[in-house]
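Engineer: Sharing upload-v1.txt (compact mmCIF, C-alpha atoms) below.
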# COMPACT_ATOMS: atom_id res chain seq x y z
CA MET D 1 222.39 179.32 -277.49
CA THR D 2 219.44 181.65 -278.09
CA GLY D 3 216.30 182.60 -276.26
CA PRO D 4 215.93 183.38 -272.55
CA TYR D 5 219.44 182.22 -271.76
CA ILE D 6 220.95 185.06 -273.87
CA PHE D 7 218.74 187.55 -272.01
CA PHE D 8 220.07 186.36 -268.67
CA GLN D 9 223.62 186.45 -270.01
CA ARG D 10 223.26 190.20 -270.66
CA VAL D 11 222.31 190.91 -267.03
CA GLU D 12 225.43 191.63 -264.94
CA ASN D 13 226.33 189.44 -262.01
CA ARG D 14 226.57 191.06 -258.61
CA ALA D 15 228.60 189.93 -255.64
CA GLU D 16 227.55 190.54 -252.05
CA CYS D 17 230.64 190.69 -249.86
CA THR D 18 231.55 191.22 -246.23
CA VAL D 19 234.60 193.38 -245.49
CA ARG D 20 236.15 193.10 -242.03
CA GLY D 21 239.09 195.14 -240.80
CA VAL D 22 240.34 197.95 -238.58
CA LEU D 23 239.31 200.69 -241.05
CA PRO D 24 236.59 199.51 -243.43
CA ALA D 25 236.28 203.08 -244.61
CA ALA D 26 239.77 202.82 -246.10
CA PHE D 27 238.50 199.99 -248.28
CA LEU D 28 235.56 202.12 -249.48
CA ASN D 29 237.86 205.06 -250.24
CA GLY D 30 240.26 202.78 -252.11
CA CYS D 31 237.45 201.41 -254.27
CA THR D 32 236.33 204.92 -255.15
CA ALA D 33 239.87 205.94 -256.05
CA CYS D 34 240.42 202.88 -258.26
CA GLY D 35 237.07 203.15 -260.06
CA VAL D 36 235.43 200.11 -258.44
CA ASP D 37 231.74 200.89 -258.19
CA ILE D 38 230.19 200.11 -254.83
CA LEU D 39 226.51 199.53 -255.63
CA THR D 40 225.36 199.27 -252.02
CA ALA D 41 227.08 199.63 -248.67
CA GLN D 42 225.60 198.82 -245.29
CA PRO D 43 227.20 198.78 -241.83
CA GLY D 44 227.77 195.36 -240.32
CA GLU D 45 227.20 193.93 -236.90
CA ASP D 46 230.05 195.95 -235.40
CA ASP D 47 232.24 198.96 -236.23
CA TYR D 48 234.79 196.80 -238.00
CA THR D 49 232.44 195.19 -240.53
CA VAL D 50 230.68 196.50 -243.62
CA THR D 51 228.56 194.73 -246.19
CA VAL D 52 228.97 195.88 -249.79
CA THR D 53 227.55 194.92 -253.17
CA LEU D 54 229.67 195.27 -256.30
CA ARG D 55 229.93 193.84 -259.77
CA SER D 56 231.39 190.34 -259.88
CA ARG D 57 233.90 191.39 -262.54
CA ASP D 58 235.41 193.85 -260.01
CA LEU D 59 236.10 191.16 -257.38
CA PRO D 60 239.84 190.74 -258.23
CA ARG D 61 240.50 194.49 -257.81
CA ALA D 62 238.32 194.62 -254.69
CA ARG D 63 240.36 191.82 -253.09
CA ARG D 64 243.60 193.68 -253.88
CA ILE D 65 242.23 196.89 -252.41
CA ALA D 66 241.04 195.02 -249.27
CA ALA D 67 244.51 193.56 -248.80
CA GLU D 68 246.09 197.00 -249.14
CA SER D 69 243.58 198.36 -246.59
CA ARG D 70 244.42 195.55 -244.16
CA CYS D 71 240.90 194.13 -244.44
CA GLU D 72 239.49 190.71 -245.24
CA LEU D 73 236.93 190.38 -248.05
CA ALA D 74 234.58 187.38 -247.99
CA VAL D 75 232.05 186.70 -250.75
CA VAL D 76 228.63 185.88 -249.32
CA ARG D 77 226.83 185.13 -252.57
CA ILE D 78 226.84 185.97 -256.25
CA THR D 79 223.62 186.77 -258.06
CA GLY D 80 222.76 187.89 -261.54
CA GLY D 81 221.66 186.87 -264.97
CA ARG D 82 224.50 184.50 -265.81
CA ILE D 83 224.18 182.55 -262.58
CA LEU D 84 220.43 182.45 -262.94
CA GLY D 85 220.78 181.39 -266.55
CA ARG D 86 223.10 178.55 -265.64
CA ARG D 87 220.76 177.37 -262.90
CA LEU D 88 217.83 177.59 -265.28
CA LEU D 89 219.75 175.68 -267.92
CA ARG D 90 220.53 172.92 -265.42
CA ARG D 91 216.91 172.78 -264.35
CA VAL D 92 215.73 172.67 -267.95
CA ALA D 93 218.10 169.78 -268.61
CA ALA D 94 216.78 167.97 -265.52
CA ILE D 95 213.19 168.59 -266.60
CA VAL D 96 213.90 167.37 -270.13
CA GLY D 97 215.67 164.27 -268.74
CA ALA D 98 212.78 163.52 -266.39
CA ALA D 99 210.30 163.98 -269.24
CA ALA D 100 212.33 161.67 -271.49
CA LEU D 101 212.49 159.05 -268.71
CA ALA D 102 208.72 159.32 -268.21
CA VAL D 103 208.17 158.84 -271.94
CA VAL D 104 210.42 155.76 -271.93
CA LEU D 105 208.63 154.26 -268.93
CA LEU D 106 205.20 154.94 -270.37
CA GLY D 107 206.30 153.61 -273.74
CA SER D 108 207.59 150.42 -272.13
CA ARG D 109 204.05 149.66 -270.96
CA CYS D 110 203.10 149.11 -274.61
CA PHE D 111 205.56 146.20 -274.88
CA ILE D 112 205.49 142.81 -273.21
CA TRP D 113 208.59 142.23 -271.11
CA GLU D 114 207.39 139.71 -268.52
CA MET D 115 205.25 136.59 -269.08
CA GLU D 116 203.76 134.25 -266.46
CA VAL D 117 201.70 131.08 -266.94
CA TYR D 118 198.93 129.98 -264.56
CA GLY D 119 196.60 126.98 -264.47
CA ASN D 120 198.90 124.35 -265.97
CA GLU D 121 199.60 121.15 -264.07
CA THR D 122 201.05 118.61 -266.51
CA VAL D 123 201.95 120.81 -269.48
CA PRO D 124 205.28 122.62 -268.82
CA SER D 125 205.21 126.41 -268.76
CA ALA D 126 208.19 126.53 -271.13
CA LYS D 127 206.22 124.61 -273.75
CA ILE D 128 203.32 127.06 -273.50
CA LEU D 129 205.67 130.05 -273.77
CA ASN D 130 207.37 128.52 -276.82
CA ALA D 131 203.97 128.03 -278.47
CA LEU D 132 203.09 131.66 -277.71
CA GLY D 133 206.40 132.71 -279.27
CA GLU D 134 205.43 130.87 -282.44
CA CYS D 135 202.13 132.78 -282.34
CA GLY D 136 204.02 136.08 -282.21
CA VAL D 137 203.86 136.76 -278.46
CA ALA D 138 207.28 137.02 -276.81
CA PRO D 139 209.22 139.50 -274.66
CA GLY D 140 209.45 142.74 -276.61
CA THR D 141 206.15 142.31 -278.51
CA PHE D 142 204.04 145.42 -279.13
CA TRP D 143 200.83 144.21 -277.51
CA PRO D 144 198.31 146.82 -278.85
CA ARG D 145 198.48 145.08 -282.23
CA LEU D 146 197.49 141.70 -280.78
CA THR D 147 193.99 140.27 -281.09
CA SER D 148 192.98 138.05 -278.19
CA ASP D 149 190.53 135.90 -280.18
CA ASN D 150 193.01 135.09 -282.95
CA LEU D 151 195.78 134.51 -280.44
CA ARG D 152 193.65 132.13 -278.38
CA SER D 153 192.54 130.16 -281.45
CA GLU D 154 196.07 129.82 -282.79
CA LEU D 155 197.42 128.72 -279.42
CA LEU D 156 194.76 126.02 -279.00
CA VAL D 157 195.50 124.74 -282.51
CA ARG D 158 199.20 124.46 -281.73
CA MET D 159 198.59 122.85 -278.33
CA PRO D 160 195.69 120.37 -278.47
CA GLU D 161 196.38 119.38 -274.85
CA LEU D 162 194.84 122.69 -273.78
CA ALA D 163 191.08 123.11 -273.58
CA TRP D 164 191.00 126.86 -272.95
CA ALA D 165 193.47 129.73 -272.82
CA THR D 166 193.53 133.49 -272.51
CA VAL D 167 196.19 136.19 -272.32
CA ASN D 168 195.62 139.15 -269.99
CA ILE D 169 197.99 142.09 -270.30
CA TYR D 170 198.67 144.42 -267.39
CA GLY D 171 201.04 147.10 -268.58
CA SER D 172 204.23 145.30 -269.62
CA ARG D 173 203.29 142.00 -267.91
CA ALA D 174 201.37 139.28 -269.74
CA GLU D 175 199.39 136.81 -267.66
CA VAL D 176 198.67 133.56 -269.54
CA ILE D 177 195.84 131.52 -267.99
CA VAL D 178 195.21 128.03 -269.38
CA ARG D 179 192.99 125.07 -268.65
CA GLU D 180 194.26 121.64 -269.59
CA ARG D 181 192.10 119.23 -271.52
CA VAL D 182 190.71 116.40 -269.41
CA PRO D 183 191.95 113.12 -270.91
CA LYS D 184 189.39 110.67 -272.14
CA PRO D 185 188.67 107.90 -269.65
CA LYS D 186 189.96 104.47 -270.50
CA ILE D 187 187.14 102.47 -272.06
CA HIS D 188 187.20 98.77 -271.34
CA SER D 189 185.69 96.32 -273.72
CA ALA D 190 183.51 93.93 -271.75
CA GLU D 191 184.29 91.11 -274.21
CA THR D 192 188.09 91.42 -274.13
CA PRO D 193 189.48 88.54 -271.99
CA VAL D 194 191.58 90.18 -269.28
CA ASP D 195 192.65 88.78 -265.90
CA LEU D 196 193.77 90.67 -262.83
CA VAL D 197 197.03 89.19 -261.53
CA ALA D 198 199.31 90.03 -258.59
CA ASP D 199 202.28 92.26 -259.34
CA ARG D 200 204.13 91.49 -256.06
CA VAL D 201 204.15 89.21 -253.02
CA GLY D 202 201.51 89.95 -250.39
CA PHE D 203 198.79 88.74 -248.06
CA VAL D 204 195.31 89.56 -249.35
CA THR D 205 193.17 91.68 -247.03
CA GLN D 206 190.30 92.76 -249.28
CA VAL D 207 188.85 91.55 -252.59
CA ARG D 208 186.38 93.60 -254.68
CA ALA D 209 185.44 91.89 -257.92
CA LEU D 210 183.30 94.17 -260.12
CA SER D 211 183.56 91.94 -263.16
CA GLY D 212 184.96 88.42 -263.35
CA THR D 213 185.44 85.68 -260.75
CA ALA D 214 187.57 86.15 -257.63
CA GLN D 215 190.23 83.49 -257.24
CA VAL D 216 191.56 84.49 -253.80
CA ARG D 217 190.13 85.32 -250.40
CA PRO D 218 191.25 87.59 -247.56
CA GLY D 219 194.18 85.93 -245.80
CA SER D 220 195.53 84.24 -248.93
CA ALA D 221 199.22 84.58 -249.75
CA VAL D 222 199.93 85.37 -253.39
CA MET D 223 203.04 85.50 -255.54
CA PRO D 224 203.72 87.71 -258.56
CA GLY D 225 201.70 86.45 -261.52
CA ASP D 226 199.01 84.66 -259.52
CA VAL D 227 195.49 85.25 -260.87
CA LEU D 228 193.47 87.32 -258.43
CA ILE D 229 190.30 87.92 -260.45
CA ALA D 230 189.77 85.71 -263.50
CA GLY D 231 188.33 87.26 -266.62
CA GLU D 232 185.47 84.78 -266.99
CA THR D 233 181.99 84.20 -265.62
CA ASN D 234 179.69 81.21 -265.47
CA SER D 235 175.92 81.60 -265.21
CA VAL D 236 172.90 79.37 -265.73
CA PHE D 237 171.54 81.47 -268.60
CA SER D 238 174.66 82.39 -270.59
CA GLY D 239 177.02 79.64 -269.52
CA ARG D 240 180.77 80.19 -269.37
CA ARG D 241 182.05 83.30 -271.13
CA THR D 242 185.12 85.52 -271.01
CA VAL D 243 184.96 89.10 -269.74
CA HIS D 244 187.24 91.99 -268.91
CA ALA D 245 187.99 91.53 -265.22
CA LEU D 246 187.50 94.67 -263.12
CA GLY D 247 188.05 95.24 -259.42
CA SER D 248 190.71 95.74 -256.79
CA VAL D 249 192.62 93.45 -254.46
CA ARG D 250 194.32 95.06 -251.47
CA ALA D 251 197.06 93.20 -249.68
CA ASN D 252 199.70 93.70 -247.04
CA THR D 253 203.09 94.00 -248.70
CA TYR D 254 206.50 94.08 -247.05
CA TYR D 255 209.56 96.06 -248.07
CA GLU D 256 213.17 95.83 -246.92
CA LEU D 257 215.57 98.49 -248.21
CA THR D 258 219.21 98.98 -247.24
CA ALA D 259 221.62 101.89 -247.68
CA CYS D 260 225.25 102.31 -246.64
CA ALA D 261 227.54 105.35 -246.42
CA PRO D 262 230.99 106.07 -244.94
CA ALA D 263 230.96 107.82 -241.57
CA VAL D 264 232.89 110.83 -242.87
CA GLU D 265 231.88 114.23 -244.15
CA THR D 266 233.45 116.75 -246.48
CA VAL D 267 233.54 120.35 -245.29
CA LYS D 268 234.33 123.50 -247.27
CA ILE D 269 237.06 125.87 -246.11
CA PRO D 270 236.77 129.32 -247.76
CA GLN D 271 240.00 130.47 -249.37
CA ARG D 272 239.28 133.72 -251.22
CA SER D 273 236.23 135.58 -252.42
CA TYR D 274 235.47 138.42 -254.78
CA THR D 275 232.52 140.18 -256.38
CA ARG D 276 231.83 140.79 -260.04
CA TRP D 277 229.08 142.63 -261.86
CA ALA D 278 227.14 142.17 -265.07
CA LEU D 279 224.40 143.97 -266.97
CA GLU D 280 221.50 142.13 -268.60
CA ILE D 281 219.61 143.91 -271.36
CA GLY D 282 216.86 141.76 -272.78
CA LYS D 283 218.30 138.32 -273.43
CA LYS D 284 221.89 139.55 -273.70
CA ARG D 285 224.37 139.69 -270.86
CA TYR D 286 227.28 142.10 -270.69
CA ASN D 287 229.97 141.19 -268.17
CA ILE D 288 231.68 144.06 -266.38
CA PHE D 289 234.81 141.99 -265.79
CA ARG D 290 237.55 140.52 -267.92
CA ASN D 291 237.57 136.83 -267.11
CA SER D 292 235.04 134.24 -268.20
CA SER D 293 231.80 133.87 -266.24
CA ILE D 294 232.41 130.11 -265.85
CA CYS D 295 233.61 129.29 -262.33
CA ASP D 296 235.86 126.47 -261.26
CA ALA D 297 234.45 123.32 -259.72
CA ASP D 298 235.69 124.27 -256.25
CA CYS D 299 233.78 127.51 -255.83
CA ASP D 300 230.35 128.74 -254.79
CA LYS D 301 228.43 131.44 -256.60
CA ILE D 302 225.72 133.61 -255.03
CA LYS D 303 223.82 135.59 -257.65
CA THR D 304 221.73 138.66 -256.84
CA THR D 305 219.66 140.42 -259.52
CA TRP D 306 218.10 143.87 -259.37
CA GLU D 307 215.47 144.34 -262.06
CA CYS D 308 214.29 147.71 -263.32
CA LYS D 309 210.60 147.28 -262.62
CA ARG D 310 207.78 148.36 -260.39
CA GLU D 311 204.93 145.91 -259.95
CA GLY D 312 201.80 147.21 -261.64
CA LEU D 313 203.56 150.35 -262.93
CA PHE D 314 206.39 149.63 -265.39
CA TYR D 315 208.96 147.04 -266.38
CA LEU D 316 212.16 147.52 -268.37
CA PRO D 317 214.26 144.57 -269.66
CA VAL D 318 217.31 145.84 -267.81
CA ALA D 319 218.84 144.16 -264.76
CA LEU D 320 221.99 144.62 -262.71
CA VAL D 321 223.58 141.35 -261.60
CA ARG D 322 226.00 140.88 -258.74
CA GLU D 323 227.85 137.57 -258.35
CA GLN D 324 229.75 136.76 -255.18
CA ILE D 325 232.35 134.08 -255.89
CA THR D 326 233.94 132.14 -253.04
CA HIS D 327 236.70 129.61 -253.72
CA TYR D 328 237.12 126.88 -251.15
CA ALA D 329 239.19 123.87 -250.29
CA THR D 330 237.66 120.60 -249.15
CA GLN D 331 238.61 118.67 -246.06
CA THR D 332 237.39 115.25 -244.97
CA ARG D 333 236.76 114.57 -241.30
CA PRO D 334 234.87 111.98 -239.24
CA ALA D 335 231.14 112.57 -239.16
CA ASP D 336 228.56 111.98 -236.48
CA ALA D 337 227.04 108.55 -237.01
CA SER D 338 223.63 109.86 -235.96
CA SER D 339 223.57 112.57 -238.64
CA VAL D 340 224.69 110.09 -241.32
CA SER D 341 222.01 107.68 -240.15
CA MET D 342 219.33 110.37 -240.38
CA ARG D 343 220.33 111.18 -243.96
CA LEU D 344 220.20 107.52 -244.93
CA GLU D 345 216.80 107.09 -243.29
CA GLN D 346 215.44 110.04 -245.24
CA ALA D 347 216.85 108.63 -248.49
CA LEU D 348 215.32 105.20 -247.82
CA TYR D 349 211.93 106.72 -246.99
CA GLU D 350 211.96 108.64 -250.29
CA ARG D 351 212.81 105.42 -252.14
CA LEU D 352 209.92 103.65 -250.43
CA THR D 353 207.35 106.33 -251.27
CA ALA D 354 208.57 106.39 -254.88
CA ALA D 355 208.04 102.62 -255.17
CA LEU D 356 204.48 102.73 -253.75
CA GLY D 357 201.39 103.57 -255.74
CA ALA D 358 199.15 106.57 -255.25
CA ASP D 359 196.60 104.63 -253.15
CA ALA D 360 199.17 102.81 -251.00
CA GLN D 361 199.38 103.33 -247.26
CA ILE D 362 202.36 102.76 -244.96
CA GLU D 363 201.04 100.92 -241.91
CA SER D 364 204.30 100.42 -240.03
CA ILE D 365 207.95 101.30 -240.57
CA ALA D 366 211.11 100.52 -238.61
CA TYR D 367 214.81 101.32 -239.02
CA SER D 368 217.89 99.50 -237.82
CA ARG D 369 221.42 100.94 -237.84
CA THR D 370 224.82 99.26 -237.91
CA VAL D 371 228.18 101.03 -237.55
CA ALA D 372 231.28 99.04 -238.51
CA ASP D 373 234.64 99.71 -240.18
CA GLY D 374 233.98 103.42 -240.52
CA SER D 375 230.67 102.91 -242.34
CA VAL D 376 227.03 103.33 -241.38
CA ALA D 377 224.41 100.91 -242.72
CA VAL D 378 220.68 101.52 -242.29
CA CYS D 379 217.95 98.98 -243.03
CA LEU D 380 214.31 99.96 -243.52
CA ARG D 381 211.51 97.48 -242.97
CA ALA D 382 207.97 98.55 -243.76
CA ARG D 383 204.52 96.96 -243.94
CA CYS D 384 202.18 98.62 -246.42
CA SER D 385 198.63 98.20 -247.67
CA GLU D 386 198.16 98.62 -251.43
CA ASP D 387 196.29 97.39 -254.46
CA ILE D 388 198.43 94.66 -256.05
CA ALA D 389 196.11 93.83 -258.97
CA GLN D 390 197.25 94.56 -262.51
CA GLU D 391 195.70 93.69 -265.85
CA GLN D 392 196.99 90.85 -267.99
CA HIS D 393 195.46 89.89 -271.33
CA ARG D 394 194.64 86.27 -271.82
CA LEU D 395 196.15 84.32 -274.67
CA GLN D 396 193.84 83.38 -277.47
CA GLU D 397 194.09 79.63 -276.76
CA ASP D 398 193.37 80.21 -273.06
CA ALA D 399 190.32 82.31 -273.89
CA ALA D 400 189.07 79.69 -276.36
CA SER D 401 189.43 76.88 -273.84
Could you write out this file's structure as structure tokens?

Structural biologist:
Amino acid sequence: MTGPYIFFQRVENRAECTVRGVLPAAFLNGCTACGVDILTAQPGEDDYTVTVTLRSRDLPRARRIAAESRCELAVVRITGGRILGRRLLRRVAAIVGAAALAVVLLGSRCFIWEMEVYGNETVPSAKILNALGECGVAPGTFWPRLTSDNLRSELLVRMPELAWATVNIYGSRAEVIVRERVPKPKIHSAETPVDLVADRVGFVTQVRALSGTAQVRPGSAVMPGDVLIAGETNSVFSGRRTVHALGSVRANTYYELTACAPAVETVKIPQRSYTRWALEIGKKRYNIFRNSSICDADCDKIKTTWECKREGLFYLPVALVREQITHYATQTRPADASSVSMRLEQALYERLTAALGADAQIESIAYSRTVADGSVAVCLRARCSEDIAQEQHRLQEDAAS
């Protein structure tokens, strides 16, 4: 070690001590007789105390002399070049470490570590991120070398379902904003013979025939396959001709759905729990435990992740993961029929809404419950209003006739 540290090493260390006893003067005389240099000596707070300063290398002899003089020697502090050099060395190491950490954090802002996609509705975010990866943009990419125009053009070529895209970079976070392409509207050929037929049983409430001839009226009962709007017209000038039927036919439809479940419930009884840790660096995971990370079927896992990032400032691909594992045993016991019934009603309602179209409306709904032989049965009855018309192409012989 060279430089300022050697200079401080050459400066002697000094010890400031407090000597307390019946005759402190005996301690001073003993030091003089033994060749221990007393650099400074000042009286203490009383007649039995004296404060002295001596070289730190003389402390062992000074303690022996104090014991022989029936005094107690207590070191208040030690100062000098070596102590100062050690403190300076520790501070220099801390400063260098802080500077290195600052360089790492600032350098991490030149790399993309976090990517988010906005503006997509039907196109999955994972598909967009995969396409960006093929374009050379992925976690760990050095973003100053990227060109936004080339990147946007290449991404749109790879994903024709996008109409517009841009990548905004904020430090180590990339914000991908996209606009999906509006699909072309379905173009109907006016000369293609198409009928509108019923797709389910219902009572017609409204008929709107934009093209073609209506075959039903409000109040009519229809069955699946019945023609609602025929794909043909008959006029004085053009006579009878086939067309592509257009319009809507709303009707009241009725649904009856049933679900059944046993009136029991399974509860979890915790048996034992433990915590394990893992370290994630980039896409790799390093487990800080011996066993496999795969849990048994009868256990719950609560995962907590602490990422090394500060929003808008820096982001490092390092995360500390804590997993709390709880093993449990299951026990079956009788359940409340009301709670089971509520779950069944919710399940039936979700089935009903999944079966209805986007423009359908539920006008009335009713539930009935039956409890027998340890089971709960729920029946849903609903009256809805929806468009029941669907297109059906005419056969060639039917169109010719």

Engineer: Tell me, as a list of chain:residue names, which residues lie within 9 Å of range 126-128 of chain D, counting only C-alpha atoms; anything in the same chain fewer than 2 positions away does not count.

Structural biologist: D:Val117, D:Val123, D:Pro124, D:Asn130, D:Ala131, D:Leu132, D:Gly133, D:Leu155, D:Met159, D:Val176

Engineer: For the residues selected in the previous step, produce a file with C-alpha atoms as a PDB file, in the coordinates of the input.

Structural biologist:
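again-v6.pdb, freshly written:
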ATOM      1  CA  VAL D 117     201.700 131.080-266.940  1.00  0.00           C
ATOM      2  CA  VAL D 123     201.950 120.810-269.480  1.00  0.00           C
ATOM      3  CA  PRO D 124     205.280 122.620-268.820  1.00  0.00           C
ATOM      4  CA  ASN D 130     207.370 128.520-276.820  1.00  0.00           C
ATOM      5  CA  ALA D 131     203.970 128.030-278.470  1.00  0.00           C
ATOM      6  CA  LEU D 132     203.090 131.660-277.710  1.00  0.00           C
ATOM      7  CA  GLY D 133     206.400 132.710-279.270  1.00  0.00           C
ATOM      8  CA  LEU D 155     197.420 128.720-279.420  1.00  0.00           C
ATOM      9  CA  MET D 159     198.590 122.850-278.330  1.00  0.00           C
ATOM     10  CA  VAL D 176     198.670 133.560-269.540  1.00  0.00           C
TER      11      VAL D 176
END

Engineer: Using only C-alpha atoms, find the one residue out of D:His244, D:Trp306, D:Leu257, D:Leu320 that sits nearest to Arg276 in chain D.

Structural biologist: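 That would be D:Leu320, the residue with the smallest distance to Arg276 in chain D.
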
Engineer: So that I can see what lies close to Arg64 in chain D, please list as a list of chain:residue names the residues with an atom at most 12 Å from it, counting all atoms listed in the file and leaving out residues fewer than 4 positions away in the same chain.

Structural biologist: D:Phe27, D:Gly30, D:Cys31, D:Cys34, D:Val36, D:Asp58, D:Leu59, D:Pro60, D:Glu68, D:Ser69, D:Arg70, D:Cys71, D:Glu72, D:Leu73

Engineer: Given the choices D:Ser368, D:Ser273, D:Thr253, D:Thr330, which gets closest to Arg383 in chain D if the distance is worked out from only C-alpha atoms?

Structural biologist: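 Once distances to Arg383 in chain D are computed over only C-alpha atoms, the minimum belongs to D:Thr253.
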
Engineer: Could you give me the centre and size, in Å to one decimal, of an axis-aligned box around all listed atoms of range 206-218 of chain D with 3 Å added on every side, as lines of an AutoDock Vina configuration file?

Structural biologist:
center_x = 187.4
center_y = 88.8
center_z = -255.5
size_x = 14.3
size_y = 16.7
size_z = 21.8

Engineer: I want to know what sits within 12 Å of range 224-235 of chain D, based on all atoms listed in the file, with residues of the same chain fewer than 3 positions away left out; could you give that as a PyMOL selection string?

Structural biologist: chain D and resi 189-204+206-218+220-221+238-251+253+387-395+398-401

Engineer: Could you give me, as an MDAnalysis selection string, the residues that have an atom at most 9 Å away from the point (227.5, 191.7, -255.5) in the coordinates of the file, using only C-alpha atoms?

Structural biologist: chainID D and resid 13:17 38:40 52:56 59 75:80

Engineer: List every protein, DNA or RNA residue that has an atom no more than 12 Å from (199.0, 139.6, -278.3) in the file's coordinate frame, counting only C-alpha atoms, and report them as a PyMOL selection string.

Structural biologist: chain D and resi 110-112+115+132-155+166-170+172-176
